[in-house]
>>> print(open('model.cif').read())   # mmCIF, C-alpha atoms
data_upload
#
loop_
_atom_site.group_PDB
_atom_site.id
_atom_site.type_symbol
_atom_site.label_atom_id
_atom_site.label_comp_id
_atom_site.auth_asym_id
_atom_site.auth_seq_id
_atom_site.Cartn_x
_atom_site.Cartn_y
_atom_site.Cartn_z
ATOM 1 C CA MET A 1 24.300 -35.377 -16.790
ATOM 2 C CA THR A 2 20.812 -34.143 -17.601
ATOM 3 C CA TYR A 3 17.989 -34.209 -15.093
ATOM 4 C CA GLU A 4 16.237 -36.916 -17.126
ATOM 5 C CA LEU A 5 19.326 -39.148 -17.002
ATOM 6 C CA THR A 6 19.479 -38.645 -13.236
ATOM 7 C CA ILE A 7 15.858 -39.793 -12.991
ATOM 8 C CA LEU A 8 16.725 -42.822 -15.139
ATOM 9 C CA VAL A 9 19.554 -43.732 -12.746
ATOM 10 C CA LEU A 10 17.203 -43.324 -9.764
ATOM 11 C CA ASN A 11 14.770 -45.700 -11.491
ATOM 12 C CA ALA A 12 17.629 -48.179 -11.878
ATOM 13 C CA PHE A 13 18.293 -47.922 -8.127
ATOM 14 C CA LEU A 14 14.584 -48.494 -7.483
ATOM 15 C CA CYS A 15 14.817 -51.606 -9.642
ATOM 16 C CA LEU A 16 17.749 -52.823 -7.548
ATOM 17 C CA ALA A 17 15.809 -52.172 -4.322
ATOM 18 C CA PHE A 18 12.884 -54.456 -5.158
ATOM 19 C CA PRO A 19 14.768 -57.745 -4.541
ATOM 20 C CA TRP A 20 15.865 -56.489 -1.122
ATOM 21 C CA ALA A 21 12.254 -55.852 -0.142
ATOM 22 C CA TYR A 22 10.694 -59.031 -1.466
ATOM 23 C CA ASN A 23 13.533 -61.329 -0.395
ATOM 24 C CA TYR A 24 13.343 -59.885 3.121
ATOM 25 C CA ALA A 25 9.634 -60.715 3.148
ATOM 26 C CA TYR A 26 10.371 -64.149 1.688
ATOM 27 C CA ALA A 27 12.974 -64.882 4.387
ATOM 28 C CA LYS A 28 10.282 -64.194 7.016
ATOM 29 C CA GLN A 29 7.878 -66.600 5.311
ATOM 30 C CA PRO A 30 7.354 -69.907 7.196
ATOM 31 C CA GLY A 31 9.672 -72.651 5.946
ATOM 32 C CA VAL A 32 12.155 -70.312 4.271
ATOM 33 C CA GLY A 33 14.503 -68.366 6.560
ATOM 34 C CA GLY A 34 17.536 -66.334 5.606
ATOM 35 C CA LYS A 35 20.004 -69.233 5.673
ATOM 36 C CA ARG A 36 17.993 -71.223 3.118
ATOM 37 C CA LEU A 37 17.940 -68.198 0.810
ATOM 38 C CA MET A 38 21.737 -68.216 0.720
ATOM 39 C CA GLY A 39 21.793 -71.686 -0.815
ATOM 40 C CA ASN A 40 20.689 -72.975 -4.195
ATOM 41 C CA ARG A 41 16.991 -72.411 -3.407
ATOM 42 C CA ASP A 42 16.063 -75.746 -5.003
ATOM 43 C CA SER A 43 13.301 -76.854 -2.650
ATOM 44 C CA LEU A 44 11.927 -73.656 -1.186
ATOM 45 C CA PRO A 45 8.186 -73.078 -0.816
ATOM 46 C CA GLU A 46 6.337 -70.827 -3.233
ATOM 47 C CA ARG A 47 6.431 -67.118 -2.468
ATOM 48 C CA THR A 48 3.263 -65.730 -0.920
ATOM 49 C CA GLY A 49 2.026 -62.350 0.268
ATOM 50 C CA MET A 50 4.489 -59.491 0.044
ATOM 51 C CA ALA A 51 7.216 -61.762 -1.310
ATOM 52 C CA ALA A 52 5.049 -62.772 -4.286
ATOM 53 C CA ARG A 53 3.738 -59.242 -4.843
ATOM 54 C CA GLY A 54 7.307 -57.927 -4.700
ATOM 55 C CA VAL A 55 8.422 -60.221 -7.506
ATOM 56 C CA ARG A 56 5.470 -59.052 -9.618
ATOM 57 C CA ALA A 57 6.185 -55.392 -8.811
ATOM 58 C CA HIS A 58 9.830 -55.895 -9.770
ATOM 59 C CA GLN A 59 8.855 -57.566 -13.051
ATOM 60 C CA ASN A 60 6.423 -54.731 -13.772
ATOM 61 C CA HIS A 61 9.127 -52.152 -13.079
ATOM 62 C CA LEU A 62 11.565 -53.929 -15.400
ATOM 63 C CA GLU A 63 8.944 -54.051 -18.163
ATOM 64 C CA ASN A 64 8.440 -50.301 -17.861
ATOM 65 C CA LEU A 65 12.057 -49.333 -17.265
ATOM 66 C CA VAL A 66 13.212 -50.535 -20.689
ATOM 67 C CA PRO A 67 10.918 -48.275 -22.784
ATOM 68 C CA PHE A 68 11.532 -45.363 -20.392
ATOM 69 C CA ALA A 69 15.289 -45.833 -20.759
ATOM 70 C CA ILE A 70 14.990 -45.896 -24.549
ATOM 71 C CA ILE A 71 12.983 -42.659 -24.494
ATOM 72 C CA VAL A 72 15.378 -40.910 -22.077
ATOM 73 C CA LEU A 73 18.500 -42.063 -23.921
ATOM 74 C CA THR A 74 17.046 -41.017 -27.280
ATOM 75 C CA ALA A 75 16.193 -37.590 -25.859
ATOM 76 C CA HIS A 76 19.733 -37.309 -24.516
ATOM 77 C CA ALA A 77 21.220 -38.343 -27.873
ATOM 78 C CA ILE A 78 19.322 -35.617 -29.737
ATOM 79 C CA GLY A 79 19.948 -33.022 -27.033
ATOM 80 C CA LEU A 80 16.335 -32.771 -25.901
ATOM 81 C CA SER A 81 15.667 -31.562 -22.382
ATOM 82 C CA ASN A 82 12.876 -29.133 -21.594
ATOM 83 C CA GLY A 83 10.270 -28.424 -18.953
ATOM 84 C CA ILE A 84 7.950 -31.090 -20.306
ATOM 85 C CA THR A 85 10.584 -33.845 -20.353
ATOM 86 C CA ILE A 86 11.705 -32.891 -16.845
ATOM 87 C CA ALA A 87 8.122 -32.930 -15.531
ATOM 88 C CA CYS A 88 7.406 -36.247 -17.261
ATOM 89 C CA ALA A 89 10.572 -37.881 -15.917
ATOM 90 C CA THR A 90 9.760 -36.697 -12.387
ATOM 91 C CA THR A 91 6.163 -37.891 -12.691
ATOM 92 C CA PHE A 92 7.376 -41.256 -14.002
ATOM 93 C CA LEU A 93 9.659 -41.775 -10.985
ATOM 94 C CA VAL A 94 7.073 -40.677 -8.415
ATOM 95 C CA ALA A 95 4.377 -42.852 -10.020
ATOM 96 C CA ARG A 96 6.746 -45.853 -10.091
ATOM 97 C CA ILE A 97 7.554 -45.390 -6.390
ATOM 98 C CA VAL A 98 3.849 -45.113 -5.532
ATOM 99 C CA HIS A 99 2.944 -48.091 -7.744
ATOM 100 C CA GLY A 100 5.719 -50.245 -6.302
ATOM 101 C CA GLY A 101 4.900 -49.256 -2.732
ATOM 102 C CA PHE A 102 1.212 -49.994 -3.215
ATOM 103 C CA TYR A 103 2.040 -53.308 -4.891
ATOM 104 C CA LEU A 104 4.386 -54.432 -2.105
ATOM 105 C CA ALA A 105 1.945 -53.392 0.602
ATOM 106 C CA GLY A 106 -1.014 -54.999 -1.164
ATOM 107 C CA ILE A 107 -2.894 -51.700 -1.421
ATOM 108 C CA THR A 108 -5.419 -51.736 -4.245
ATOM 109 C CA ARG A 109 -7.696 -48.978 -3.026
ATOM 110 C CA LEU A 110 -7.569 -45.904 -0.868
ATOM 111 C CA PRO A 111 -10.581 -44.423 0.931
ATOM 112 C CA GLY A 112 -12.925 -43.412 -1.858
ATOM 113 C CA ILE A 113 -10.480 -44.394 -4.620
ATOM 114 C CA ASN A 114 -10.780 -47.810 -6.234
ATOM 115 C CA GLY A 115 -7.815 -48.997 -8.280
ATOM 116 C CA ALA A 116 -5.226 -46.751 -6.601
ATOM 117 C CA ARG A 117 -2.325 -48.853 -7.866
ATOM 118 C CA SER A 118 -3.775 -48.870 -11.381
ATOM 119 C CA ILE A 119 -4.119 -45.089 -11.277
ATOM 120 C CA ALA A 120 -0.409 -44.798 -10.421
ATOM 121 C CA TYR A 121 0.366 -47.141 -13.316
ATOM 122 C CA PHE A 122 -1.639 -45.080 -15.809
ATOM 123 C CA VAL A 123 -0.122 -41.809 -14.542
ATOM 124 C CA LYS A 124 3.288 -43.355 -15.249
ATOM 125 C CA LEU A 125 2.174 -44.524 -18.679
ATOM 126 C CA PHE A 126 0.756 -41.114 -19.596
ATOM 127 C CA SER A 127 3.948 -39.352 -18.474
ATOM 128 C CA MET A 128 6.046 -41.720 -20.579
ATOM 129 C CA LEU A 129 3.851 -41.158 -23.656
ATOM 130 C CA VAL A 130 3.967 -37.375 -23.260
ATOM 131 C CA PHE A 131 7.766 -37.580 -22.873
ATOM 132 C CA ALA A 132 7.971 -39.728 -26.022
ATOM 133 C CA SER A 133 5.815 -37.244 -27.945
ATOM 134 C CA GLN A 134 8.490 -34.619 -27.323
ATOM 135 C CA LEU A 135 10.911 -36.715 -29.384
ATOM 136 C CA PHE A 136 8.712 -36.221 -32.430
ATOM 137 C CA LEU A 137 8.243 -32.503 -31.827
ATOM 138 C CA ALA A 138 11.958 -31.743 -31.476
#
>>> encode(input="model.cif", output="structure tokens")
Amino acid sequence: MTYELTILVLNAFLCLAFPWAYNYAYAKQPGVGGKRLMGNRDSLPERTGMAARGVRAHQNHLENLVPFAIIVLTAHAIGLSNGITIACATTFLVARIVHGGFYLAGITRLPGINGARSIAYFVKLFSMLVFASQLFLA
């Protein structure tokens, strides 16, 4: 398995981890509790705080995982793996972890840096576009 495919699998694991984080936060939310989450969830209160942000972070990760997977699988199919694709795949994963962590924690800025989560998002986007450009240069 190529390095890029390994990174894709790690991104899939990250995607699977999001529900654990936001459902844990949701279970701690007043009026919810773990036992109610095991049922049909018909009359549960709306998610707030970390539970709501976690759902949005998960949705965002899913929306970005699909194009990344297409790029990685296409590269694998044509036998493309080089220093640039490896660096881009690594950057993608790190940026997704940072973005997801910031989203869950509600961090939008760091000292002296406005839009910290958005910066992580655009780093991820740039790495994916550079990776995709390698498909056309192969």
>>> residues_near_point(input="model.cif", point="(19.9, -35.8, -15.1)", cutoff="12 Å", atoms="all atoms listed in the file", output="list in words")
Met1, Thr2, Tyr3, Glu4, Leu5, Thr6, Ile7, Leu8, Val9, Leu10, Asn11, Val72, Leu73, Ala75, His76, Leu80, Ser81, Asn82, Thr85, Ile86, Ala89 and Thr90 of chain A
>>> resolve_selection(input="model.cif", expression="the PyMOL selection byres ((chain A and resi 22) around 9)", output="list in words")
Phe18, Pro19, Trp20, Ala21, Asn23, Tyr24, Ala25, Tyr26, Ala27, Met50, Ala51, Ala52, Arg53, Gly54, Val55, His58 and Leu104 of chain A
>>> closest_residue(input="model.cif", among="A:Leu62, A:Leu125, A:Thr91, A:Ile113", to="A:Leu14", atoms="only C-alpha atoms")
A:Leu62
>>> residues_around(input="model.cif", residues="A:Tyr121", least_positions_apart="5", cutoff="9 Å", atoms="all atoms listed in the file", output="PyMOL selection string")
chain A and resi 95-96+98-99+116+126
>>> write_last_selection(input="model.cif", atoms="C-alpha atoms", output="CSV table (one decimal), keeping the file's coordinate frame")
chain,number,residue,atom,x,y,z
A,95,ALA,CA,4.4,-42.9,-10.0
A,96,ARG,CA,6.7,-45.9,-10.1
A,98,VAL,CA,3.8,-45.1,-5.5
A,99,HIS,CA,2.9,-48.1,-7.7
A,116,ALA,CA,-5.2,-46.8,-6.6
A,126,PHE,CA,0.8,-41.1,-19.6
>>> closest_residue(input="model.cif", among="A:Ile119, A:Leu44, A:Leu135, A:Ala17", to="A:Ile70", atoms="all atoms listed in the file")
A:Leu135
>>> closest_residue(input="model.cif", among="A:Gly31, A:Ser127, A:Thr74, A:Ala105", to="A:Leu93", atoms="all atoms listed in the file")
A:Ser127
>>> atom_distance(input="model.cif", atom1="atom CA of A:Ala69", atom2="atom CA of A:Asn114")
29.9 Å
